[in-house]
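What follows is the content of protein-v8.txt, which has compact mmCIF, C-alpha atoms:
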# COMPACT_ATOMS: atom_id res chain seq x y z
CA GLY Z 1 38.96 -91.89 -88.66
CA VAL Z 2 38.41 -95.18 -86.82
CA ALA Z 3 41.55 -94.64 -84.71
CA ALA Z 4 40.38 -91.15 -83.82
CA ALA Z 5 36.98 -92.49 -82.79
CA ILE Z 6 38.60 -95.12 -80.59
CA ASP Z 7 40.90 -92.55 -79.02
CA SER Z 8 37.93 -90.28 -78.40
CA GLU Z 9 35.99 -93.09 -76.74
CA ALA Z 10 38.96 -94.03 -74.57
CA TRP Z 11 39.36 -90.40 -73.52
CA ARG Z 12 35.69 -90.09 -72.66
CA ARG Z 13 35.74 -93.18 -70.47
CA ARG Z 14 38.95 -92.12 -68.75
CA VAL Z 15 37.53 -88.71 -67.88
CA MET Z 16 34.21 -90.19 -66.86
CA ASN Z 17 35.80 -92.48 -64.28
CA THR Z 18 37.56 -89.67 -62.43
CA VAL Z 19 36.83 -89.35 -58.71
CA TYR Z 20 37.72 -85.97 -57.20
CA TYR Z 21 38.59 -86.08 -53.50
CA ASP Z 22 38.29 -82.84 -51.48
CA ALA Z 23 38.73 -80.89 -54.71
CA GLN Z 24 39.27 -77.17 -54.20
CA VAL Z 25 37.23 -76.00 -57.18
CA PRO Z 26 34.36 -73.49 -57.49
CA ASP Z 27 30.84 -74.87 -57.51
CA GLU Z 28 30.32 -74.04 -61.20
CA VAL Z 29 33.40 -76.10 -62.12
CA ARG Z 30 32.25 -78.94 -59.89
CA ARG Z 31 28.79 -78.95 -61.43
CA GLN Z 32 30.21 -79.10 -64.96
CA ARG Z 33 32.44 -82.04 -64.09
CA LEU Z 34 29.50 -83.82 -62.47
CA PHE Z 35 27.50 -83.24 -65.66
CA ASP Z 36 30.41 -84.86 -67.53
CA GLY Z 37 29.93 -88.02 -65.47
CA GLN Z 38 32.62 -87.54 -62.86
CA LEU Z 39 32.24 -88.07 -59.11
CA PHE Z 40 33.15 -85.87 -56.16
CA VAL Z 41 33.94 -87.05 -52.64
CA TYR Z 42 34.46 -84.86 -49.58
CA SER Z 43 35.76 -85.84 -46.17
CA PRO Z 44 33.48 -85.04 -43.22
CA ARG Z 45 32.85 -81.35 -42.67
CA ARG Z 46 31.63 -79.55 -39.56
CA SER Z 47 28.21 -79.09 -41.14
CA SER Z 48 27.89 -82.70 -42.31
CA MET Z 49 28.90 -84.01 -38.89
CA ALA Z 50 26.29 -81.80 -37.23
CA PHE Z 51 23.73 -83.08 -39.75
CA ILE Z 52 24.39 -86.75 -39.04
CA GLU Z 53 24.50 -86.19 -35.27
CA PHE Z 54 21.03 -84.68 -35.51
CA ALA Z 55 19.89 -87.67 -37.58
CA LYS Z 56 21.45 -90.11 -35.10
CA THR Z 57 19.52 -88.52 -32.25
CA LEU Z 58 16.22 -89.21 -34.02
CA ILE Z 59 17.30 -92.73 -35.01
CA LYS Z 60 18.41 -93.68 -31.49
CA GLU Z 61 15.17 -92.40 -29.99
CA ALA Z 62 13.13 -94.33 -32.56
CA PHE Z 63 14.90 -97.68 -32.03
CA ALA Z 64 15.60 -97.44 -28.27
CA PRO Z 65 16.68 -99.51 -26.44
CA HIS Z 66 18.31 -101.27 -29.41
CA ASP Z 67 21.49 -100.37 -31.29
CA PRO Z 68 20.01 -98.93 -34.52
CA GLU Z 69 22.48 -100.78 -36.75
CA LYS Z 70 21.53 -104.07 -35.08
CA ALA Z 71 17.87 -103.43 -34.24
CA GLN Z 72 16.70 -105.65 -37.11
CA TYR Z 73 17.82 -108.71 -35.11
CA HIS Z 74 15.54 -107.81 -32.19
CA MET Z 75 12.33 -106.73 -33.92
CA THR Z 76 9.72 -108.23 -36.19
CA VAL Z 77 9.77 -106.94 -39.74
CA GLU Z 78 6.32 -105.41 -39.19
CA SER Z 79 7.35 -103.45 -36.10
CA TYR Z 80 10.62 -102.38 -37.78
CA ALA Z 81 8.74 -101.02 -40.79
CA GLU Z 82 6.36 -99.21 -38.45
CA VAL Z 83 9.28 -97.47 -36.73
CA LEU Z 84 10.73 -96.38 -40.08
CA GLY Z 85 7.28 -95.22 -41.19
CA LYS Z 86 7.34 -92.65 -38.36
CA LEU Z 87 11.07 -91.89 -38.23
CA LYS Z 88 11.65 -91.01 -41.86
CA PRO Z 89 8.85 -88.42 -42.25
CA GLN Z 90 9.90 -86.94 -38.89
CA PHE Z 91 13.42 -86.38 -40.25
CA ILE Z 92 12.29 -85.19 -43.70
CA HIS Z 93 9.94 -82.51 -42.41
CA HIS Z 94 11.86 -81.39 -39.32
CA PRO Z 95 12.93 -77.71 -39.60
CA GLU Z 96 16.38 -78.65 -38.30
CA SER Z 97 16.94 -80.91 -41.31
CA LYS Z 98 16.62 -77.98 -43.69
CA ARG Z 99 18.85 -75.80 -41.51
CA HIS Z 100 21.61 -78.42 -41.48
CA LEU Z 101 21.26 -78.88 -45.23
CA GLN Z 102 21.62 -75.14 -45.84
CA SER Z 103 24.75 -75.05 -43.65
CA LEU Z 104 26.27 -77.91 -45.63
CA LEU Z 105 25.59 -76.25 -48.98
CA HIS Z 106 27.18 -73.04 -47.72
CA GLU Z 107 30.27 -74.84 -46.40
CA LEU Z 108 30.72 -76.66 -49.72
CA GLY Z 109 30.75 -73.38 -51.66
CA CYS Z 110 27.25 -73.26 -53.17
CA ASP Z 111 25.59 -69.92 -53.89
CA LEU Z 112 22.48 -70.26 -51.70
CA GLN Z 113 20.56 -67.67 -53.70
CA LYS Z 114 20.92 -69.78 -56.85
CA THR Z 115 20.94 -73.25 -55.27
CA TYR Z 116 17.56 -74.93 -54.77
CA PHE Z 117 17.17 -78.25 -52.93
CA ASP Z 118 14.52 -80.83 -52.23
CA VAL Z 119 13.86 -81.93 -48.65
CA PRO Z 120 16.51 -84.35 -47.34
CA LYS Z 121 15.57 -88.02 -47.16
CA MET Z 122 16.75 -90.58 -44.63
CA ARG Z 123 17.45 -93.95 -46.26
CA SER Z 124 18.01 -97.35 -44.70
CA SER Z 125 19.35 -100.61 -46.08
CA THR Z 126 18.93 -103.62 -43.81
CA SER Z 127 21.25 -106.60 -43.92
CA ASP Z 128 20.63 -110.05 -45.39
CA ASN Z 129 17.28 -109.31 -47.04
CA TYR Z 130 15.54 -108.56 -43.75
CA LEU Z 131 13.48 -105.73 -45.29
CA THR Z 132 14.12 -104.61 -48.87
CA THR Z 133 10.74 -103.26 -49.99
CA GLY Z 134 8.52 -100.26 -49.30
CA ILE Z 135 9.94 -97.93 -46.63
CA ALA Z 136 13.38 -99.65 -46.85
CA TYR Z 137 13.53 -100.25 -50.59
CA ALA Z 138 16.77 -101.79 -51.88
CA TRP Z 139 17.36 -99.86 -55.07
CA HIS Z 140 17.85 -101.64 -58.36
CA PRO Z 141 20.17 -99.99 -60.94
CA HIS Z 142 18.59 -96.74 -62.06
CA ARG Z 143 19.11 -93.12 -63.03
CA ASP Z 144 17.21 -90.49 -61.05
CA THR Z 145 16.43 -88.87 -64.39
CA TRP Z 146 14.08 -91.83 -65.08
CA TYR Z 147 11.96 -90.38 -62.25
CA SER Z 148 11.31 -86.97 -63.86
CA ALA Z 149 14.36 -85.26 -62.38
CA PRO Z 150 15.89 -82.57 -64.63
CA MET Z 151 19.26 -83.26 -66.26
CA CYS Z 152 20.75 -80.42 -64.18
CA GLN Z 153 20.02 -82.17 -60.88
CA ILE Z 154 22.95 -83.09 -58.64
CA ASN Z 155 22.60 -85.70 -55.91
CA TRP Z 156 24.25 -85.50 -52.47
CA TRP Z 157 24.69 -88.66 -50.36
CA ILE Z 158 25.99 -88.89 -46.76
CA PRO Z 159 26.30 -92.02 -44.58
CA ILE Z 160 25.05 -91.51 -41.02
CA TYR Z 161 27.12 -94.41 -39.67
CA ASP Z 162 30.35 -95.80 -41.11
CA ILE Z 163 29.83 -97.95 -44.18
CA GLN Z 164 31.83 -100.71 -45.83
CA ALA Z 165 32.03 -102.30 -49.26
CA ASP Z 166 29.19 -104.74 -48.58
CA ASN Z 167 26.60 -102.15 -47.52
CA ALA Z 168 27.50 -99.19 -49.71
CA MET Z 169 26.13 -97.69 -52.91
CA ALA Z 170 27.46 -98.74 -56.33
CA PHE Z 171 27.95 -96.68 -59.47
CA HIS Z 172 27.91 -98.36 -62.89
CA PRO Z 173 30.03 -96.06 -65.07
CA ARG Z 174 29.90 -98.13 -68.26
CA TYR Z 175 26.33 -96.84 -68.75
CA TRP Z 176 27.24 -93.16 -68.68
CA ASN Z 177 26.07 -91.80 -72.04
CA VAL Z 178 25.03 -95.34 -73.02
CA PRO Z 179 21.26 -95.83 -73.43
CA VAL Z 180 19.60 -98.66 -71.51
CA PRO Z 181 16.17 -100.10 -72.35
CA ASN Z 182 13.98 -99.14 -69.39
CA THR Z 183 10.40 -98.67 -68.25
CA SER Z 184 10.51 -94.92 -67.59
CA ASN Z 185 7.96 -94.32 -70.37
CA GLY Z 186 5.31 -95.53 -67.89
CA TYR Z 187 6.27 -93.02 -65.22
CA ASN Z 188 4.51 -89.69 -64.71
CA TYR Z 189 5.62 -87.72 -61.68
CA TYR Z 190 2.25 -86.11 -61.02
CA LEU Z 191 0.39 -89.42 -61.03
CA TRP Z 192 3.14 -90.89 -58.83
CA ASN Z 193 2.53 -88.12 -56.27
CA GLN Z 194 -1.17 -88.87 -56.34
CA GLN Z 195 -1.11 -92.65 -56.29
CA HIS Z 196 2.12 -93.99 -54.80
CA ARG Z 197 3.39 -91.70 -52.06
CA GLY Z 198 2.43 -91.53 -48.42
CA GLY Z 199 2.40 -93.53 -45.21
CA HIS Z 200 1.04 -96.68 -46.86
CA VAL Z 201 4.52 -97.39 -48.28
CA SER Z 202 5.58 -98.84 -44.90
CA GLN Z 203 2.96 -101.58 -45.40
CA PHE Z 204 4.89 -103.09 -48.32
CA ILE Z 205 6.85 -105.68 -46.34
CA LYS Z 206 6.99 -108.74 -48.59
CA GLN Z 207 6.90 -107.12 -52.01
CA GLY Z 208 6.88 -103.68 -53.57
CA PRO Z 209 3.96 -103.25 -56.01
CA ARG Z 210 4.83 -99.67 -56.99
CA PRO Z 211 5.76 -99.32 -60.70
CA LEU Z 212 9.29 -97.94 -60.26
CA PRO Z 213 11.17 -97.35 -63.54
CA ARG Z 214 13.87 -99.95 -64.01
CA PRO Z 215 16.04 -101.49 -66.73
CA SER Z 216 14.03 -103.83 -68.94
CA GLU Z 217 17.01 -106.04 -69.61
CA GLU Z 218 19.85 -107.42 -67.47
CA LEU Z 219 22.70 -104.95 -66.99
CA GLU Z 220 26.39 -105.69 -66.63
CA LEU Z 221 26.99 -104.28 -63.17
CA ASN Z 222 30.76 -104.76 -63.31
CA PRO Z 223 32.95 -102.86 -63.37
CA GLN Z 224 31.35 -100.86 -60.58
CA VAL Z 225 32.58 -98.14 -58.26
CA ARG Z 226 31.89 -98.25 -54.53
CA LEU Z 227 33.01 -95.11 -52.71
CA ILE Z 228 33.64 -95.85 -49.03
CA VAL Z 229 33.55 -92.66 -47.00
CA PRO Z 230 33.38 -92.31 -43.20
CA ALA Z 231 30.20 -91.24 -41.45
CA GLY Z 232 29.61 -87.63 -42.44
CA GLY Z 233 31.59 -87.97 -45.67
CA ILE Z 234 29.85 -86.61 -48.76
CA ILE Z 235 29.41 -88.08 -52.26
CA LEU Z 236 28.15 -85.93 -55.14
CA PHE Z 237 26.98 -87.31 -58.48
CA SER Z 238 24.82 -86.40 -61.42
CA ALA Z 239 21.18 -87.50 -61.39
CA ALA Z 240 21.97 -89.22 -64.70
CA GLN Z 241 24.52 -91.57 -63.11
CA MET Z 242 23.49 -95.25 -63.11
CA HIS Z 243 23.64 -96.39 -59.47
CA SER Z 244 22.17 -99.01 -57.17
CA SER Z 245 22.11 -100.30 -53.61
CA VAL Z 246 24.80 -102.90 -52.93
CA PRO Z 247 23.12 -106.05 -51.55
CA ASN Z 248 23.76 -105.60 -47.83
CA THR Z 249 25.60 -108.58 -46.34
CA SER Z 250 27.46 -106.61 -43.66
CA GLY Z 251 25.35 -107.65 -40.68
CA ARG Z 252 24.51 -103.98 -40.04
CA THR Z 253 21.73 -101.73 -41.26
CA ARG Z 254 23.01 -98.82 -43.31
CA PHE Z 255 21.50 -95.40 -42.63
CA SER Z 256 22.18 -92.46 -44.93
CA ILE Z 257 20.97 -88.99 -45.90
CA ASP Z 258 20.46 -87.84 -49.45
CA PHE Z 259 19.08 -84.77 -51.11
CA ARG Z 260 19.11 -83.21 -54.60
CA CYS Z 261 20.00 -79.73 -55.85
CA VAL Z 262 19.64 -77.63 -58.96
CA ASN Z 263 21.31 -74.32 -59.73
CA THR Z 264 19.13 -71.70 -61.42
CA ASP Z 265 21.91 -70.77 -63.86
CA ASP Z 266 21.97 -74.39 -65.10
CA ALA Z 267 18.18 -74.63 -65.11
CA ARG Z 268 17.75 -71.42 -67.11
CA ALA Z 269 20.39 -72.42 -69.68
CA ARG Z 270 19.01 -76.00 -69.92
CA HIS Z 271 22.52 -77.08 -68.97
CA GLY Z 272 23.19 -80.49 -67.44
CA ALA Z 273 24.09 -84.10 -68.11
CA PRO Z 274 23.31 -85.52 -71.56
CA ARG Z 275 19.87 -87.08 -72.00
CA VAL Z 276 20.22 -90.60 -73.36
CA ASP Z 277 17.27 -92.86 -72.48
CA GLU Z 278 14.76 -90.93 -70.34
CA ALA Z 279 11.11 -91.30 -71.38
CA CYS Z 280 9.25 -90.19 -68.22
CA THR Z 281 6.81 -87.28 -68.06
CA GLY Z 282 6.16 -84.47 -65.60
CA THR Z 283 8.94 -82.76 -63.66
CA THR Z 284 10.20 -82.56 -60.09
CA MET Z 285 11.19 -78.89 -60.57
CA ARG Z 286 8.42 -77.60 -58.30
CA ASP Z 287 9.87 -79.52 -55.34
CA TYR Z 288 13.05 -77.48 -54.99
CA LEU Z 289 13.38 -74.83 -52.26
CA CYS Z 290 15.69 -71.82 -52.31
CA GLY Z 291 18.84 -72.14 -50.21
CA THR Z 292 18.17 -68.78 -48.55
CA ASP Z 293 14.44 -68.35 -47.83
CA LEU Z 294 12.98 -71.78 -48.79
CA SER Z 295 10.82 -70.24 -51.52
CA HIS Z 296 9.88 -72.48 -54.44
CA ILE Z 297 11.76 -72.29 -57.72
CA PRO Z 298 10.35 -69.57 -60.02
CA ASP Z 299 7.45 -70.56 -62.25
CA GLU Z 300 9.26 -69.41 -65.39
CA LEU Z 301 11.99 -71.99 -64.74
CA VAL Z 302 9.46 -74.73 -64.01
CA ALA Z 303 7.81 -73.94 -67.34
CA LEU Z 304 11.02 -74.81 -69.20
CA TYR Z 305 10.72 -78.40 -67.96
CA ASP Z 306 6.98 -78.95 -67.70
CA ASP Z 307 4.67 -80.68 -70.16
CA GLU Z 308 0.93 -81.03 -70.55
CA THR Z 309 0.62 -83.96 -68.13
CA GLY Z 310 0.00 -81.74 -65.09
CA ARG Z 311 -3.74 -81.69 -65.76
CA SER Z 312 -4.03 -84.92 -63.80
CA GLY Z 313 -2.31 -86.05 -60.62
CA GLU Z 314 -0.64 -83.78 -58.03
CA LEU Z 315 1.96 -81.25 -59.15
CA ILE Z 316 3.57 -81.19 -55.70
CA TYR Z 317 3.26 -83.98 -53.14
CA ALA Z 318 1.61 -82.74 -49.94
CA PRO Z 319 2.00 -85.22 -47.04
CA LYS Z 320 -1.16 -85.69 -45.06
CA GLY Z 321 -1.24 -84.42 -41.50
CA LEU Z 322 1.73 -82.02 -41.86
In structure tokens, how does this file's structure come out?
Amino acid sequence: GVAAAIDSEAWRRRVMNTVYYDAQVPDEVRRQRLFDGQLFVYSPRRSSMAFIEFAKTLIKEAFAPHDPEKAQYHMTVESYAEVLGKLKPQFIHHPESKRHLQSLLHELGCDLQKTYFDVPKMRSSTSDNYLTTGIAYAWHPHRDTWYSAPMCQINWWIPIYDIQADNAMAFHPRYWNVPVPNTSNGYNYYLWNQQHRGGHVSQFIKQGPRPLPRPSEELELNPQVRLIVPAGGIILFSAAQMHSSVPNTSGRTRFSIDFRCVNTDDARARHGAPRVDEACTGTTMRDYLCGTDLSHIPDELVALYDDETGRSGELIYAPKGL
């Protein structure tokens, strides 16, 4: 019995650490493997290259006349944060961002009638602790499922410029299926929408006072997996994966795009990654938009994930002035 348990554990970890590169599998197979803790990587596609070129255009305009990857060496932290505070919402809410996202989902084999996505975010990670809070937060180890994401959520991540090992993202696979003491029990998505989102985030330059769920004890971050893909390459992972920002010592600011998807078949069947240590309340399910007509996810699916905490706070974040 003990030997069988050990063999089972070894098998689980071996499968969990699999990275699929340009795998020719249907989306439903890919989603299942992601829910099993595996990772998918795709080389740049026509749609992803068009997406990052659009993003680069906005970035270059925002930081002109400076090289965006080096602009931090020519600007005060305050002025840099101000630029990001305008650039990132511009990208998030631009109609072209959604169009590029839809093209990418289609090219990667998703059924757009069943695939719902949240608006794409532009992320930045400056080098050498120049700005690591607020609008350019350097992410501690976390699962997105600590932030009220459903277990069926899949994350997509795309670097806008080439990355390297010292400005990438890290995965911490030893914590797949392994519970971690964390502060997610203090997180309610609706109160977060009401109290901690908006333009004021760019004012957090020296420290970040927002109560972001995090591990409540030190984690062993090694072994870790850093997937180095070229600009326009695509990394897919489960929202339950433990991941973090690598401390950037590259001398260049990293810019990336990420967005999240759910498939209505998974949502309806309550299918997804295993729940191990999530204690947050509320749900992000209302945020997702249909891959065809941008309609919100049906109320009957939201109801499967909602709780009674929606009586306070904001169910859906509505940015001011848009």
Review point. Leaving out Ala303 (chain Z) and any residue of its chain fewer than 6 positions from it, which residues lie within 12 Å of it when counting only C-alpha atoms, given as a list in words?
Key: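 Once the adjacent positions are removed, what remains is Ala267, Arg268, Arg270, Gly282, Thr283, Thr284, Met285, Arg286, Ile297 and Gly310 of chain Z.
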Selection: 10 Å around His142 (chain Z), only C-alpha atoms, excl. self and same-chain fewer than 4 positions, as a compact mmCIF listing (two decimals) with C-alpha atoms, in the frame of the given file:
# COMPACT_ATOMS: atom_id res chain seq x y z
CA TRP Z 146 14.08 -91.83 -65.08
CA TYR Z 147 11.96 -90.38 -62.25
CA PHE Z 171 27.95 -96.68 -59.47
CA HIS Z 172 27.91 -98.36 -62.89
CA VAL Z 180 19.60 -98.66 -71.51
CA ASN Z 182 13.98 -99.14 -69.39
CA SER Z 184 10.51 -94.92 -67.59
CA LEU Z 212 9.29 -97.94 -60.26
CA PRO Z 213 11.17 -97.35 -63.54
CA ARG Z 214 13.87 -99.95 -64.01
CA PRO Z 215 16.04 -101.49 -66.73
CA ALA Z 239 21.18 -87.50 -61.39
CA ALA Z 240 21.97 -89.22 -64.70
CA GLN Z 241 24.52 -91.57 -63.11
CA MET Z 242 23.49 -95.25 -63.11
CA HIS Z 243 23.64 -96.39 -59.47
CA SER Z 244 22.17 -99.01 -57.17
CA SER Z 245 22.11 -100.30 -53.61
Check your understanding: Which polymer residues have any atom within 7 Å of an atom of region 96-109 of chain Z, counting all atoms listed in the file, with same-chain residues fewer than 6 positions away left out, as number ranges by chain?
Key -> Z: 26-27, 47-48, 51, 119-120, 291
**Study point:** Nearest residue to Arg30 (chain Z) from the set Z:Leu289, Z:Val229, Z:Cys110, Z:Ile92 (distances using all atoms listed in the file)
**Key:**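 For Arg30 (chain Z), the nearest of the given residues is Z:Cys110.
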Review point. When distances are computed from all atoms listed in the file, which of Z:Leu87, Z:Ala64, Z:Met75, Z:Leu112 shows the smallest separation from Asp293 (chain Z)?
Key: Z:Leu112
Exercise for review: Determine the nearest neighbour of Leu315 (chain Z) from the options Z:Asp265, Z:Asp258, Z:Asn193, Z:Thr292, counting all atoms listed in the file.
Suggested key: Z:Asn193
**Study point:** Closest of Z:Pro173, Z:Pro141, Z:Pro150, Z:Gly85 to Val19 (chain Z) - atom-to-atom distances counting only C-alpha atoms
**Key:** Z:Pro173
Check your understanding: Nearest to Cys152 (chain Z): which of Z:Ala269, Z:Leu191, Z:Ile234, Z:Ala71 is it, counting only C-alpha atoms?
Key ->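 Closest to Cys152 (chain Z) of all the choices is Z:Ala269.
Closest approach to Tyr190 (chain Z) from the set Z:Val302, Z:Ile160, Z:Val262, Z:Ile316 is made by Z:Ile316, with distances taken over all atoms listed in the file.
CA of Trp157 (chain Z) is positioned 8.5 Å from CA of Phe237 (chain Z).
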Exercise for review: Find the distance between CA of Thr18 (chain Z) and CA of Asp111 (chain Z) and write it in Å to one decimal.
Suggested key: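 Between CA of Thr18 (chain Z) and CA of Asp111 (chain Z) the gap is 24.6 Å.
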**Study point:** Protein and nucleic acid residues near (17.7, -97.3, -45.2) (cut-off 7 Å, only C-alpha atoms) as a PyMOL selection string
**Key:** chain Z and resi 122-126+136+254-256
4 Å per side around region 105-113 of chain Z: axis-aligned box centre and edge lengths, as JSON:
{"center_x": 25.7, "center_y": -72.2, "center_z": -50.1, "size_x": 18.2, "size_y": 17.0, "size_z": 15.5}
Point to revise | Atom-to-atom span, CA of His93 (chain Z) and CA of Asp118 (chain Z), Å | key: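 About the pair CA of His93 (chain Z) and CA of Asp118 (chain Z): they are 11.0 Å apart.
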Exercise for review: Quick one: everything within 8 Å of Cys290 (chain Z), counting only C-alpha atoms, minus sequence neighbours fewer than 3 positions away in the same chain. Send it as an MDAnalysis selection string.
Suggested key: chainID Z and resid 112:117 293:297
Tell me which residues come within 8 Å of (33.0, -88.0, -57.3), as a CSV table (one decimal) with C-alpha atoms, in the frame of the given file, counting all atoms listed in the file in the file's coordinates.
chain,number,residue,atom,x,y,z
Z,18,THR,CA,37.6,-89.7,-62.4
Z,19,VAL,CA,36.8,-89.4,-58.7
Z,20,TYR,CA,37.7,-86.0,-57.2
Z,21,TYR,CA,38.6,-86.1,-53.5
Z,34,LEU,CA,29.5,-83.8,-62.5
Z,38,GLN,CA,32.6,-87.5,-62.9
Z,39,LEU,CA,32.2,-88.1,-59.1
Z,40,PHE,CA,33.2,-85.9,-56.2
Z,41,VAL,CA,33.9,-87.0,-52.6
Z,235,ILE,CA,29.4,-88.1,-52.3
Z,236,LEU,CA,28.2,-85.9,-55.1
Z,237,PHE,CA,27.0,-87.3,-58.5
